[in-house]
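J.: To start, I am sharing the structure in question, which I have written as structure tokens.
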Amino acid sequence: MRDRQRVDPYGNICTRLVAPPGLLEIRSQFVVEDSGLPDEVCPAAQQWDFAALPSETLPFLLGSRYCDTEKLSTLAWSLFGGIQSGWQRAQAICDYAHDRIEFGYHHARGDRAASEGHEERRGVCRDFAHLAVTLSRCMNIPARYCTGYLGDIGVPRDPAPMDFSAWYEVFLDGRWFTFDARHNHPRIGRMVIAKGRDAADVAISTAFGPARLARFNVITDECKDPGRVKPLEEAA
């Protein structure tokens, strides 16, 4: 197989493999240096007119698999059309998605679109992100879905098992800013794995054939002394 690794249209590195029959275990461990600063807040950031947007941002204005803009456009304009454009409007959308959906791992559903999450008013972090991304696009704010690691750094530790996290970015004032509709609070130590139009672009894995997930563990901790990190085999 010549192209085991490739870069997708959104800049993500993708790897493919042919899995043999039986149990396959994939592990990774790494230490990432972070600034220690929380997500940037910039109330003065302005929304650019459509004509001024860079071409590479335009796909993030369109509807996608889980971001069904055509079903939420009228609602979006009725809710946010009277709010000052730019950061204030983007934050109002984030606030709305945060308040609209009840978080719960037992609410997870892999085929829930943004309009369904809005009606059902429940979901997991990807549903918060999909709703906020969709409403942002309806208001002509380019928005892209992000997935990655988010440890409990600078906040009380969550007793629930750790998982990958989902948030999103919006394009204002010529650059991308991080928003998180689930937590709706600047966080420290956010590590991006991949970015795309929605969760379909950045799935952990895409299987072409029968595959059952037997076990799934994510651990994201603050490490002040990288030299003391134990290998996975010792930490297990």
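Residues are referred to by chain and number: the chain letter is A, B, ... according to the order shown in the structure tokens, the number counts from 1 in that chain, and ligands are numbered separately from 1 in the order shown.
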Using DSSP on the backbone coordinates, identify all residues within stretch 14-184 of chain A classified as strand (DSSP E or B); present the result as a PyMOL selection string.
T.: chain A and resi 14-15+102-103+122-123+143-150+165-172+175-179
J.: Using the selection just defined, write its residues with N, CA and C atoms as a tab-separated table (two decimals), in the first residue's frame.
T.:
```tsv
chain	number	residue	atom	x	y	z
A	14	CYS	N	-4.04	11.82	7.91
A	14	CYS	CA	-4.86	10.60	8.00
A	14	CYS	C	-4.00	9.38	7.68
A	15	THR	N	-4.16	8.33	8.44
A	15	THR	CA	-3.43	7.08	8.23
A	15	THR	C	-4.41	5.96	7.98
A	102	GLU	N	-28.73	19.74	27.07
A	102	GLU	CA	-28.33	19.11	28.33
A	102	GLU	C	-27.27	18.05	28.03
A	103	PHE	N	-26.14	18.14	28.72
A	103	PHE	CA	-25.06	17.19	28.48
A	103	PHE	C	-25.28	15.89	29.26
A	122	ARG	N	-30.67	17.61	24.04
A	122	ARG	CA	-29.76	16.78	24.81
A	122	ARG	C	-28.67	16.25	23.88
A	123	GLY	N	-27.55	15.85	24.47
A	123	GLY	CA	-26.47	15.34	23.64
A	123	GLY	C	-25.15	15.32	24.37
A	143	ALA	N	-17.38	28.67	10.34
A	143	ALA	CA	-17.19	27.92	11.58
A	143	ALA	C	-16.76	26.49	11.23
A	144	ARG	N	-15.79	25.98	11.96
A	144	ARG	CA	-15.32	24.62	11.72
A	144	ARG	C	-15.28	23.82	13.02
A	145	TYR	N	-15.53	22.54	12.88
A	145	TYR	CA	-15.60	21.60	13.99
A	145	TYR	C	-14.19	21.14	14.37
A	146	CYS	N	-13.92	21.02	15.66
A	146	CYS	CA	-12.62	20.58	16.14
A	146	CYS	C	-12.78	19.41	17.11
A	147	THR	N	-11.84	18.51	17.08
A	147	THR	CA	-11.81	17.43	18.05
A	147	THR	C	-10.41	17.30	18.61
A	148	GLY	N	-10.31	16.90	19.87
A	148	GLY	CA	-8.98	16.78	20.47
A	148	GLY	C	-9.05	16.41	21.94
A	149	TYR	N	-7.98	16.73	22.65
A	149	TYR	CA	-7.86	16.42	24.06
A	149	TYR	C	-8.14	17.68	24.89
A	150	LEU	N	-8.84	17.50	26.01
A	150	LEU	CA	-9.11	18.60	26.91
A	150	LEU	C	-9.10	18.06	28.34
A	165	SER	N	-12.69	15.31	23.25
A	165	SER	CA	-13.60	16.44	23.38
A	165	SER	C	-13.85	17.07	22.02
A	166	ALA	N	-14.97	17.77	21.90
A	166	ALA	CA	-15.31	18.49	20.66
A	166	ALA	C	-15.61	19.94	20.99
A	167	TRP	N	-15.06	20.82	20.17
A	167	TRP	CA	-15.36	22.25	20.27
A	167	TRP	C	-15.38	22.81	18.85
A	168	TYR	N	-15.24	24.11	18.67
A	168	TYR	CA	-15.29	24.65	17.31
A	168	TYR	C	-14.51	25.96	17.24
A	169	GLU	N	-14.26	26.42	16.03
A	169	GLU	CA	-13.58	27.68	15.80
A	169	GLU	C	-14.39	28.53	14.83
A	170	VAL	N	-14.39	29.83	15.04
A	170	VAL	CA	-15.05	30.76	14.11
A	170	VAL	C	-14.02	31.73	13.55
A	171	PHE	N	-14.27	32.18	12.33
A	171	PHE	CA	-13.34	33.08	11.64
A	171	PHE	C	-13.81	34.51	11.80
A	172	LEU	N	-13.05	35.29	12.57
A	172	LEU	CA	-13.33	36.70	12.80
A	172	LEU	C	-12.03	37.49	12.66
A	175	ARG	N	-8.78	35.69	11.37
A	175	ARG	CA	-8.17	34.51	11.97
A	175	ARG	C	-9.22	33.69	12.71
A	176	TRP	N	-8.82	32.51	13.14
A	176	TRP	CA	-9.74	31.60	13.80
A	176	TRP	C	-9.65	31.74	15.31
A	177	PHE	N	-10.82	31.76	15.96
A	177	PHE	CA	-10.90	31.82	17.41
A	177	PHE	C	-11.62	30.57	17.93
A	178	THR	N	-11.17	30.11	19.09
A	178	THR	CA	-11.76	28.92	19.71
A	178	THR	C	-13.00	29.27	20.53
A	179	PHE	N	-14.06	28.49	20.33
A	179	PHE	CA	-15.27	28.55	21.16
A	179	PHE	C	-15.64	27.13	21.59
```
J.: Stretch 157-163 of chain A: which residues within 10 Å, counting only C-alpha atoms, same-chain residues fewer than 4 positions away excluded, as a list in words?
T.: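 Near neighbours after the sequence-gap exclusion: Tyr105, Gly148, Tyr149, Leu150, Gly151, Asp152, Ile153, Phe216, Asn217, Val218, Ile219, Thr220 and Asp221 of chain A.
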J.: What residues in stretch 87-236 of chain A get the DSSP label helix (DSSP H, G or I)? Please answer as a PyMOL selection string.
T.: chain A and resi 87-100+105-107+114-120+125-138+199-202+226-228+232-235
J.: Would you compute the distance between atom CA of A:Gly174 and atom CA of A:Val32? Give it in Å to one decimal.
T.: 26.9 Å
J.: Can you pull out the residues contacting A:Ala90? Cut-off 9 Å, using only C-alpha atoms, and skip same-chain residues under 2 positions away; I want them as a PyMOL selection string.
T.: chain A and resi 85-88+92-95+132+136+141+170+179
J.: Enter the distance from atom CA of A:Gln29 to atom CA of A:His183, in Å, rounded to one decimal.
T.: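 A separation of 25.6 Å between them.
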J.: Please provide as an NGL selection string all residues within 7 Å of A:Trp48, with the sequence filter that same-chain residues fewer than 4 positions apart are discarded (counting only C-alpha atoms).
T.: :A and (52-53 or 172-173)
J.: If you keep all heavy atoms, can you produce a file of those selected residues as a CSV table (one decimal), in the first residue's frame?
T.:
```
chain,number,residue,atom,x,y,z
A,52,ALA,N,-15.0,39.8,1.5
A,52,ALA,CA,-13.6,39.9,2.0
A,52,ALA,C,-13.1,38.6,2.6
A,52,ALA,O,-11.9,38.5,2.9
A,52,ALA,CB,-13.6,40.9,3.1
A,53,LEU,N,-13.9,37.5,2.7
A,53,LEU,CA,-13.5,36.3,3.3
A,53,LEU,C,-12.5,35.6,2.4
A,53,LEU,O,-12.7,35.5,1.2
A,53,LEU,CB,-14.7,35.4,3.6
A,53,LEU,CG,-15.6,35.8,4.7
A,53,LEU,CD1,-16.9,34.9,4.7
A,53,LEU,CD2,-14.9,35.8,6.0
A,172,LEU,N,-13.0,35.3,12.6
A,172,LEU,CA,-13.3,36.7,12.8
A,172,LEU,C,-12.0,37.5,12.7
A,172,LEU,O,-11.0,37.0,13.1
A,172,LEU,CB,-13.9,36.9,14.2
A,172,LEU,CG,-15.2,36.3,14.6
A,172,LEU,CD1,-15.5,36.4,16.0
A,172,LEU,CD2,-16.4,36.8,13.7
A,173,ASP,N,-12.1,38.7,12.1
A,173,ASP,CA,-10.9,39.6,12.0
A,173,ASP,C,-9.7,38.9,11.3
A,173,ASP,O,-8.6,39.1,11.7
A,173,ASP,CB,-10.6,40.1,13.4
A,173,ASP,CG,-10.9,41.6,13.6
A,173,ASP,OD1,-11.3,42.2,12.6
A,173,ASP,OD2,-10.8,42.1,14.7
```
J.: Using only C-alpha atoms, which of the listed residues (A:Phe30, A:Gly82, A:Arg4, A:Val155) sits closest to A:Arg16?
T.: A:Arg4
J.: Fewer than 2 positions away in the same chain doesn't count, so skip those; otherwise give me all residues within 8 Å of A:Ala200, counting only C-alpha atoms, as a CSV table (one decimal) with N, CA and C atoms, in the first residue's frame.
T.:
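Saved the output as around-v3.csv:
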```
chain,number,residue,atom,x,y,z
A,65,ARG,N,-22.8,17.3,6.6
A,65,ARG,CA,-23.6,16.1,7.1
A,65,ARG,C,-24.3,16.3,8.4
A,66,TYR,N,-23.7,16.8,9.4
A,66,TYR,CA,-24.3,17.0,10.7
A,66,TYR,C,-24.7,18.5,11.0
A,197,ARG,N,-15.4,20.0,8.6
A,197,ARG,CA,-16.7,20.6,8.5
A,197,ARG,C,-17.6,20.2,9.7
A,198,ASP,N,-17.5,18.9,10.1
A,198,ASP,CA,-18.3,18.4,11.2
A,198,ASP,C,-17.6,17.1,11.6
A,202,VAL,N,-13.8,14.2,10.9
A,202,VAL,CA,-12.7,14.0,11.9
A,202,VAL,C,-13.0,12.8,12.8
A,203,ALA,N,-13.6,11.8,12.3
A,203,ALA,CA,-13.9,10.6,13.1
A,203,ALA,C,-12.6,10.0,13.6
```
J.: What does the structure give for the distance between atom CA of A:Phe128 and atom CA of A:Ile101, in Å to one decimal?
T.: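 According to the coordinates, atom CA of A:Phe128 and atom CA of A:Ile101 are separated by 6.8 Å.
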